[in-house]
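> Can you read through this structure? Questions will come right after.
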Amino acid sequence: MQGAIPPEKIATSIANHQSKTNIGAHSIFLGQIRADEIDGKTVSAIEYTAYEEMAETVFHEIREAAFSKFDMTCCHIYHSLGPVKTGEICLFVFTSSAHRKVAIEACNFLVEEIKARVPIFGKEIFEDETHQWKVNS
Amino acid sequence: MKVQVKYFGMIAEAVGKPEEELELDPGTSVSELKMNQVKSYGIKDPDSVQIAVNQHLNQEIELKEGDEVAFLPPFAGG
């Protein structure tokens with residue numbers, strides 16, 4: 001989705017699952033933009049771009065892999081495109097299951113797979129408007 | 001033969017454009033195209049660059065007419 005993920009979207013997503021009473025546990029991961037200091041300059045935002053067609057395909061593969069590996073009830077993934085300021089949310093992964101262990105493990109699996117496999121690129125923009133390219137550690 | 005080449009992130013910045021159509025000799029391999037583009041555009045740290053052909057990563061194949069080749073810098077999602 002374009003820009004930061006609003007906190008209200010997370011609340012709404014939780015509310016939308018309250019009618020699904022076979023769910024006993026949700027696990028949520030939120031990625032937030034950190035104001036890293038690099039060589040005396042502070043990050044003010046990250047601008048995300050992606051190879052969008054491939055990213056969609058890989059997100060789909062990762063979801064399918066998670067559903068075949070874990071007994072999840074449902075699973076939602078949102079990642080920002082475009083600029084996201086420090087303190088704002090850029091990744092929202094939401095897994096639901098009958099029991100907590102499955103929800104938590106599935107959520108971890110999805111986050112690690114997203115970081116490793118989805119062609120998303122991040123430009124770290126500093127307060128002085130210079131930039132550098134982010135690399136996942 | 002013609003292939004569509006897409007560049008992303010720091011590579012698009014180094015190349016100065018997001019994509020271009022290239023006329024290649026038949027039988028050109030993925031690694032030959034990579035070496036060629038790394039040299040002509042001065043793309044840094046080529047070992048960190050992954051190539052996707054028609055959205056599939058790191059295939060050591062000969063390119064075909066109409067292929068979409070993407071030059072991908074390290075991923076930074078999340």
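In the structure tokens, each chain is lettered A, B, ... as it comes, each chain's residues begin at 1, and ligands are numbered from 1 in order of appearance.
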Write out as number ranges by chain each polymer residue whose atoms come within 12 Å of A:Asn22, counting only C-alpha atoms; drop sequence neighbours fewer than 4 positions from it.
A: 17-18, 26, 72-74, 96-99
> Please produce a file of those selected residues containing N, CA and C atoms, as an mmCIF file, in the first residue's frame.

data_model
loop_
_atom_site.group_PDB
_atom_site.id
_atom_site.type_symbol
_atom_site.label_atom_id
_atom_site.label_comp_id
_atom_site.auth_asym_id
_atom_site.auth_seq_id
_atom_site.Cartn_x
_atom_site.Cartn_y
_atom_site.Cartn_z
ATOM 1 N N HIS A 17 -11.948 -9.550 12.717
ATOM 2 C CA HIS A 17 -11.814 -10.987 13.002
ATOM 3 C C HIS A 17 -12.626 -11.426 14.230
ATOM 4 N N GLN A 18 -13.344 -10.493 14.838
ATOM 5 C CA GLN A 18 -14.047 -10.866 16.066
ATOM 6 C C GLN A 18 -15.248 -11.769 15.826
ATOM 7 N N HIS A 26 -4.179 -14.432 17.822
ATOM 8 C CA HIS A 26 -3.619 -13.641 16.716
ATOM 9 C C HIS A 26 -2.158 -13.354 17.049
ATOM 10 N N MET A 72 -3.094 -22.274 10.003
ATOM 11 C CA MET A 72 -3.595 -20.916 10.249
ATOM 12 C C MET A 72 -5.057 -20.804 9.807
ATOM 13 N N THR A 73 -5.777 -19.930 10.459
ATOM 14 C CA THR A 73 -7.146 -19.610 10.039
ATOM 15 C C THR A 73 -7.096 -18.536 8.955
ATOM 16 N N CYS A 74 -6.293 -17.501 9.194
ATOM 17 C CA CYS A 74 -6.072 -16.509 8.145
ATOM 18 C C CYS A 74 -4.767 -15.763 8.349
ATOM 19 N N SER A 96 -3.591 -15.593 12.257
ATOM 20 C CA SER A 96 -4.593 -16.034 13.219
ATOM 21 C C SER A 96 -4.698 -17.555 13.163
ATOM 22 N N SER A 97 -4.921 -18.131 14.347
ATOM 23 C CA SER A 97 -5.006 -19.584 14.426
ATOM 24 C C SER A 97 -5.850 -19.955 15.640
ATOM 25 N N ALA A 98 -6.133 -21.251 15.780
ATOM 26 C CA ALA A 98 -6.864 -21.690 16.968
ATOM 27 C C ALA A 98 -6.001 -21.511 18.214
ATOM 28 N N HIS A 99 -4.681 -21.695 18.039
ATOM 29 C CA HIS A 99 -3.779 -21.684 19.206
ATOM 30 C C HIS A 99 -2.564 -20.780 18.993
#
> Select from chain B every residue with an atom at most 12 Å from any atom of chain A, then for each give the shortest pair of atoms and their distance in Å to one decimal, using only C-alpha atoms, rows by chain and rising number, as a tab-separated table.

residue	atom	partner	partner_atom	distance
B:Lys6	CA	A:Tyr51	CA	8.8
B:Tyr7	CA	A:Tyr51	CA	8.9
B:Phe8	CA	A:Tyr51	CA	7.2
B:Gly9	CA	A:Phe121	CA	5.7
B:Met10	CA	A:Trp133	CA	6.5
B:Ile11	CA	A:Trp133	CA	10.2
B:Ala12	CA	A:Thr49	CA	11.0
B:Glu13	CA	A:Trp133	CA	10.3
B:Ala14	CA	A:Trp133	CA	11.9
B:Pro18	CA	A:Tyr51	CA	10.6
B:Glu19	CA	A:Tyr51	CA	11.6
B:Ser48	CA	A:Val135	CA	10.3
B:Val49	CA	A:Pro119	CA	11.6
B:Gln50	CA	A:Pro119	CA	9.9
B:Ile51	CA	A:Pro119	CA	10.9
B:Ala52	CA	A:Met54	CA	9.0
B:Val53	CA	A:Met54	CA	10.4
B:Asn54	CA	A:Met54	CA	8.6
B:Gln55	CA	A:Met54	CA	5.4
B:His56	CA	A:Met54	CA	8.3
B:Leu57	CA	A:Arg117	CA	9.9
B:Glu68	CA	A:Met54	CA	11.2
B:Val69	CA	A:Tyr51	CA	11.2
B:Ala70	CA	A:Tyr51	CA	8.3
B:Phe71	CA	A:Tyr51	CA	9.7
B:Leu72	CA	A:Pro119	CA	7.2
B:Pro73	CA	A:Phe121	CA	7.6
B:Pro74	CA	A:Val135	CA	5.8
B:Phe75	CA	A:Phe121	CA	5.5
B:Ala76	CA	A:Asn136	CA	4.9
B:Gly77	CA	A:Ile120	CA	5.0
B:Gly78	CA	A:Leu91	CA	5.5
> In Å, rounded to a single decimal, give me how far atom CA of B:Tyr41 is from atom CA of A:Ile38.
27.1 Å
> Can you check which residues of chain B DSSP gives as strand (DSSP E) on the backbone and send them as a list of chain:residue names?
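DSSP on the backbone gives strand (DSSP E) at B:Lys2, B:Val3, B:Gln4, B:Val5, B:Lys6, B:Tyr7, B:Glu19, B:Glu20, B:Glu21, B:Leu22, B:Glu23, B:Gln50, B:Ile51, B:Ala52, B:Val53, B:His56, B:Leu57, B:Glu68, B:Val69, B:Ala70, B:Phe71, B:Leu72.
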> I'd like the neighbourhood of A:His131 as a VMD selection string, where a residue qualifies if any of its atoms comes within 10 Å (using only C-alpha atoms), though same-chain residues fewer than 4 positions away should be ignored.
chain A and resid 41 43 to 47 123 to 127
> Please measure the separation of atom CA of B:Lys17 and atom CA of A:Ile5, giving the value in Å to one decimal.
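So the two atoms, atom CA of B:Lys17 and atom CA of A:Ile5, lie 28.7 Å apart.
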> Check the DSSP output for the backbone and give back, as a count of residues only, the residues of stretch 7-76 of chain B in alpha helix (DSSP H).
19
> Using only C-alpha atoms, which protein or nucleic acid residues come within 10 Å of B:Ile61? Drop anything in the same chain fewer than 4 positions from it, and give the result as a VMD selection string.
chain B and resid 27 to 31 53
> Which of these residues is nearest to A:Phe109, using only C-alpha atoms: A:Ala66, A:Ala35, A:Val84, A:Ala25?
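Of all the options, A:Ala66 lies closest to A:Phe109.
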> Report as a PyMOL selection string all protein, DNA and RNA residues lying within 8 Å of B:Lys64, evaluated on only C-alpha atoms, omitting residues in the same chain fewer than 4 positions from it.
chain B and resi 1+3+26-27
> In Å, with one decimal, what is the gap from atom CA of B:Glu65 to atom CA of B:Met35?
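The value is 19.2 Å.
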> Which one of A:Glu113, A:Glu61, A:Glu105, A:Glu56 sits closest to A:Met1 if you count only C-alpha atoms?
A:Glu56
> Within 7 Å of A:Arg34, counting only C-alpha atoms, which residues qualify if same-chain residues fewer than 2 places away don't, as a ChimeraX atom specification?
/A:32,36,86-87
> Would you output that residue set with all heavy atoms, as a PDB file, in the first residue's frame?

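Below is the file out.pdb, written as the result:
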ATOM      1  N   GLN A  32       8.547  -0.809  12.105  1.00  0.00           N
ATOM      2  CA  GLN A  32       8.480   0.648  12.285  1.00  0.00           C
ATOM      3  C   GLN A  32       9.801   1.269  11.827  1.00  0.00           C
ATOM      4  O   GLN A  32      10.863   0.681  12.032  1.00  0.00           O
ATOM      5  CB  GLN A  32       8.208   0.946  13.775  1.00  0.00           C
ATOM      6  CG  GLN A  32       8.242   2.425  14.125  1.00  0.00           C
ATOM      7  CD  GLN A  32       7.735   2.700  15.531  1.00  0.00           C
ATOM      8  OE1 GLN A  32       6.612   2.381  15.867  1.00  0.00           O
ATOM      9  NE2 GLN A  32       8.580   3.282  16.368  1.00  0.00           N
ATOM     10  N   ASP A  36      17.755   5.865  12.598  1.00  0.00           N
ATOM     11  CA  ASP A  36      19.168   5.491  12.741  1.00  0.00           C
ATOM     12  C   ASP A  36      20.057   6.706  12.549  1.00  0.00           C
ATOM     13  O   ASP A  36      19.748   7.588  11.737  1.00  0.00           O
ATOM     14  CB  ASP A  36      19.548   4.454  11.672  1.00  0.00           C
ATOM     15  CG  ASP A  36      19.225   3.043  12.111  1.00  0.00           C
ATOM     16  OD1 ASP A  36      18.884   2.851  13.300  1.00  0.00           O
ATOM     17  OD2 ASP A  36      19.297   2.130  11.268  1.00  0.00           O
ATOM     18  N   THR A  86      10.044   8.271   9.980  1.00  0.00           N
ATOM     19  CA  THR A  86      10.456   7.568  11.203  1.00  0.00           C
ATOM     20  C   THR A  86       9.292   7.555  12.195  1.00  0.00           C
ATOM     21  O   THR A  86       8.535   8.523  12.303  1.00  0.00           O
ATOM     22  CB  THR A  86      11.676   8.247  11.855  1.00  0.00           C
ATOM     23  OG1 THR A  86      11.405   9.635  11.989  1.00  0.00           O
ATOM     24  CG2 THR A  86      12.917   8.065  11.014  1.00  0.00           C
ATOM     25  N   GLY A  87       9.176   6.421  12.873  1.00  0.00           N
ATOM     26  CA  GLY A  87       8.096   6.257  13.843  1.00  0.00           C
ATOM     27  C   GLY A  87       6.824   5.705  13.223  1.00  0.00           C
ATOM     28  O   GLY A  87       5.929   5.267  13.955  1.00  0.00           O
TER      29      GLY A  87
END
